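Chemist: To start, I am sharing the structure in question, which I have written as structure tokens.
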Amino acid sequence: MTTSALETVRLVKRFGGVTATDQVSLTVAPGELHALIGPNGAGKSTLIGQLAGELSPDAGDIRLFGQSVIGRPVHERARLGLGRTYQITQLAREFTALDNVLLGVNARRGGNTRFWGPARQDLESVARARAALDQVGLGERAEAQVAALAHGEQRQLEIAMALATEPRLLLLDEPLAGMSQGEAQAMVTLLRGLKKHYTMLLVEHDMDAVFTLADRVSVLVYGRIIATGTVAEIRANADVRAAYLGEETAA
Amino acid sequence: MSALWPTAIDWRAPRTWVALGTLALLLVLPLLAEFVSGDGADFWVKFATRVMIYALAAIGLNLILGFGGLVSFGHAMYVMLGSYAVAIPTEHGITSGWLHLVIALAAAFVLALVVGAISLRTTGIAFIMITLAFAQMLFFAAVSLKQYGGDDGLTVAARSDFGVISIAGHIGLYYVALTVVLLALYLSWRAVLSPFGLVLRASKANARRTLALGHPVFRFQLAAYVASALLCAVAGVLLANLTQFASPAYGAWTLSGELIVVVILGGLGTVFGPLIGAILLLALEEALPTLVEALLPAYKANWMLLLGLFIFLIALTLERGVYGSLPERARGRQQP
């Protein structure tokens, strides 16, 4: 049996009296696109924070490619191959798009203690950064300041930065957040392309996108995973319909 | 020229003229002073040396403040440390400037490593307060050094001996200070654009993301903090030689504050800004009292009010400082 890309074992996180993550056991198999859905306040962000290392769980284990990462800082998890994007865009705003991605490339390539040769003159790194921008369709905007990019373009850049680190597992936190219909369509196409090459955990509100893209879906409600299964299974699951899809199916 | 300059230079950009014009003036300054002022030339050369020393310390501070985005309110302590690295050995008959320099750098390196490692666990206001606290501790440690003058400071009998590079004369010292400033400018220019600098600037722009990409941000900040302290220590060595004096006053929090003003006045996060800021601040501190005395003799003690007003106006109108507000490229030119 192959090791899972990501595995959480009975993960618990409490904030005061609230159990934001309640015995969550989640497995992402290599090569799959696993979607995590759940209503607002279900604890998705808390879970992601723990996976990335920004929050530490109160109990349970997190294994990245079979290795426990409890207590390992954020940057070490990134080095192990966890690439992530943020629900609220996290970019170096005064940088150009290319410099943002270059930062990601260099995180993987190393050599960041060099202080003499200009970063932009490392042609191999720059070429890789441009390739990552091309991959998300931002090649033309390489030299634009982030502040000058449209919202949709910034969301694309979010993904390019994560791709630049050559992740083995992509953690996408609501990549469609705040997007127009057209932008969302383009993003779904992009994600479908990436799906061939990357293992992904996709946290998303947009049901259409999730049901088009996902191999498996887990549903988080009040900090607990109430169901995990294929798209068809999730659609058919009575608990899920009651807890989450109810409003939509009723409408 | 790509090997020499870390980035393409736009020779028609206002910033380039200002930088080159300033450097040209500084290069011929002693000649100019001699020509204009004759016997009074010494005063201007010494004044210009003091400007260079402030500039050097501010170039150092700019690494962590301007590019790292961390407001250190204690960098004067490294200047003070550098000055005592000259004064105390000289007191014991050790006059070798190279040895003074080594002592200053070694002491600043160790102190900055410890202070940085502790302070950088915090950010924002906490970082400001903790760096200030360390500087105050060192200030009072210097005051308590009774055998080395304590509160009164310590005079330096003779300037450091750097062998063939003589700084015994004021002009020699000026050119040494200018050379060190030029080296520091060039080094920080290269460092800022290097892979190291990219991570440092990114940690200012978005530390959370930089970490999530896999960069150990803390180590980069610490390296920048130590480097900035080393430049301040060298400034201290030069200062002790200029004034032939070392004193706890060199480590006072007011000097730390002045260095921050210099960096902000020139332009946070620009390589050349600290030099412009140092020239501006010290020139104003020199000119305003005379000006006020000539125009409003009754208010001559209140000249600082005008200085404050000027700094206030710059901070209010030029968000990126005097040098930072100058266009980086010639009008109508696209980014390279």
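A note on labels: chains of the structure tokens are A, B, ... as shown, every chain counts residues from 1, and ligands are counted from 1 in their shown order.
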Looking only at the backbone, which of the residues in segment 127-267 of chain B does DSSP tag as strand (DSSP E), as a PyMOL selection string?
Modeler: chain B and resi 154-155+245-246
Chemist: Could you list, as a VMD selection string, the residues of chain A having an atom within 10 Å of chain B when counting only C-alpha atoms?
Modeler: chain A and resid 52 to 54 73 to 86 89 to 95 99 to 108 110 to 122 143 to 144 158 161 to 165 167
Chemist: Identify, on the basis of only C-alpha atoms, every residue whose closest approach to Thr243 of chain B does not exceed 10 Å; exclude the query and any residue fewer than 3 positions from it along the same chain; express the result as a VMD selection string.
Modeler: chain B and resid 46 50 83 155 to 156 159 238 to 240 246
Chemist: Write to file, as an mmCIF file, in the first residue's frame, the residues of the selection just made, with N, CA and C atoms.
Modeler:
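Written output follows (result-v5.cif):
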data_model
loop_
_atom_site.group_PDB
_atom_site.id
_atom_site.type_symbol
_atom_site.label_atom_id
_atom_site.label_comp_id
_atom_site.auth_asym_id
_atom_site.auth_seq_id
_atom_site.Cartn_x
_atom_site.Cartn_y
_atom_site.Cartn_z
ATOM 1 N N LYS B 46 35.000 68.468 8.932
ATOM 2 C CA LYS B 46 34.594 67.682 10.103
ATOM 3 C C LYS B 46 33.076 67.472 10.116
ATOM 4 N N ARG B 50 30.981 63.930 9.942
ATOM 5 C CA ARG B 50 29.907 63.533 10.856
ATOM 6 C C ARG B 50 28.674 63.083 10.052
ATOM 7 N N SER B 83 32.467 53.048 19.450
ATOM 8 C CA SER B 83 33.295 54.148 19.948
ATOM 9 C C SER B 83 34.148 53.692 21.141
ATOM 10 N N THR B 155 38.060 60.425 26.818
ATOM 11 C CA THR B 155 38.701 61.043 25.648
ATOM 12 C C THR B 155 39.686 60.067 25.014
ATOM 13 N N VAL B 156 39.837 60.202 23.708
ATOM 14 C CA VAL B 156 40.760 59.352 22.959
ATOM 15 C C VAL B 156 41.989 60.200 22.655
ATOM 16 N N ARG B 159 44.108 59.529 17.369
ATOM 17 C CA ARG B 159 43.259 58.745 16.468
ATOM 18 C C ARG B 159 43.874 57.378 16.205
ATOM 19 N N LEU B 238 34.465 55.204 13.659
ATOM 20 C CA LEU B 238 34.771 56.472 12.976
ATOM 21 C C LEU B 238 34.410 57.672 13.850
ATOM 22 N N LEU B 239 33.278 57.560 14.555
ATOM 23 C CA LEU B 239 32.818 58.670 15.398
ATOM 24 C C LEU B 239 33.816 58.962 16.518
ATOM 25 N N ALA B 240 34.312 57.888 17.165
ATOM 26 C CA ALA B 240 35.288 58.068 18.243
ATOM 27 C C ALA B 240 36.552 58.730 17.708
ATOM 28 N N ALA B 246 34.620 59.017 23.482
ATOM 29 C CA ALA B 246 33.580 58.004 23.517
ATOM 30 C C ALA B 246 32.756 58.264 24.758
#
Chemist: Give me, please, the distance in Å between atom CA of Ser144 of chain B and atom CA of Ser247 of chain B, quoted to one decimal.
Modeler: 11.4 Å
Chemist: Using only C-alpha atoms, which residues sit within 12 Å of Ser25 of chain A once same-chain residues fewer than 4 positions away are excluded, as a ChimeraX atom specification?
Modeler: /A:6-12,21,47,59-63,218-220,223-228
Chemist: Could you save those same residues with N, CA and C atoms as a compact mmCIF listing (two decimals), in the first residue's frame?
Modeler:
# COMPACT_ATOMS: atom_id res chain seq x y z
N LEU A 6 -1.42 12.87 2.64
CA LEU A 6 -1.74 13.56 3.90
C LEU A 6 -2.68 12.68 4.71
N GLU A 7 -2.43 12.61 5.99
CA GLU A 7 -3.31 11.85 6.85
C GLU A 7 -3.43 12.57 8.19
N THR A 8 -4.65 12.81 8.63
CA THR A 8 -4.81 13.32 9.98
C THR A 8 -5.47 12.22 10.79
N VAL A 9 -5.01 12.09 12.03
CA VAL A 9 -5.53 11.03 12.90
C VAL A 9 -6.16 11.65 14.14
N ARG A 10 -7.47 11.53 14.20
CA ARG A 10 -8.23 12.00 15.37
C ARG A 10 -7.74 13.37 15.86
N LEU A 11 -7.69 14.30 14.93
CA LEU A 11 -7.17 15.64 15.22
C LEU A 11 -8.19 16.44 16.03
N VAL A 12 -7.71 17.10 17.09
CA VAL A 12 -8.60 17.90 17.94
C VAL A 12 -7.99 19.29 18.15
N THR A 21 -12.06 21.66 15.85
CA THR A 21 -11.71 20.46 15.11
C THR A 21 -11.96 19.29 16.06
N LEU A 47 -8.79 23.86 10.48
CA LEU A 47 -8.16 22.61 10.05
C LEU A 47 -6.96 22.90 9.15
N ALA A 59 -4.74 17.64 20.16
CA ALA A 59 -4.53 16.19 20.19
C ALA A 59 -4.57 15.66 18.76
N GLY A 60 -4.06 14.44 18.59
CA GLY A 60 -4.09 13.82 17.28
C GLY A 60 -2.78 13.98 16.54
N ASP A 61 -2.77 13.47 15.32
CA ASP A 61 -1.52 13.47 14.55
C ASP A 61 -1.80 13.95 13.13
N ILE A 62 -0.78 14.58 12.54
CA ILE A 62 -0.83 14.96 11.13
C ILE A 62 0.37 14.33 10.46
N ARG A 63 0.12 13.56 9.41
CA ARG A 63 1.24 12.92 8.70
C ARG A 63 1.28 13.40 7.27
N SER A 218 -14.91 15.25 1.36
CA SER A 218 -15.21 15.10 2.79
C SER A 218 -16.05 16.29 3.21
N VAL A 219 -17.01 16.01 4.10
CA VAL A 219 -17.90 17.08 4.54
C VAL A 219 -17.66 17.35 6.02
N LEU A 220 -17.32 18.61 6.31
CA LEU A 220 -17.02 19.02 7.68
C LEU A 220 -18.20 19.84 8.21
N GLY A 223 -16.96 21.02 13.02
CA GLY A 223 -15.66 20.46 13.39
C GLY A 223 -15.50 18.97 13.17
N ARG A 224 -16.60 18.28 12.77
CA ARG A 224 -16.50 16.84 12.57
C ARG A 224 -16.67 16.51 11.09
N ILE A 225 -16.00 15.46 10.67
CA ILE A 225 -16.23 14.98 9.31
C ILE A 225 -17.43 14.05 9.36
N ILE A 226 -18.52 14.45 8.70
CA ILE A 226 -19.73 13.62 8.80
C ILE A 226 -19.81 12.64 7.64
N ALA A 227 -19.05 12.87 6.59
CA ALA A 227 -19.07 11.91 5.48
C ALA A 227 -17.86 12.10 4.59
N THR A 228 -17.38 11.00 4.03
CA THR A 228 -16.33 11.05 3.02
C THR A 228 -16.72 10.06 1.94
Chemist: Find the spatial neighbours of Gly93 of chain B, counting only C-alpha atoms, within a cut-off of 12 Å - ignore same-chain residues fewer than 3 positions away - and output them as a count of residues only.
Modeler: 15
Chemist: Using only C-alpha atoms, find the one residue out of A:Glu124, A:Glu153, A:Glu166, A:Asp206 that sits nearest to Pro39 of chain A.
Modeler: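 Smallest distance to Pro39 of chain A is found for A:Asp206.
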Chemist: Between A:His151, A:Lys196, A:Arg141, A:His205, single out the one closest to Gly41 of chain A, counting only C-alpha atoms.
Modeler: A:His205
Chemist: Report, in Å with one decimal, the straight-line distance from atom CA of Pro297 of chain B to atom CA of Leu280 of chain B.
Modeler: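 Taking atom CA of Pro297 of chain B as the start and atom CA of Leu280 of chain B as the end point, the length is 23.5 Å.
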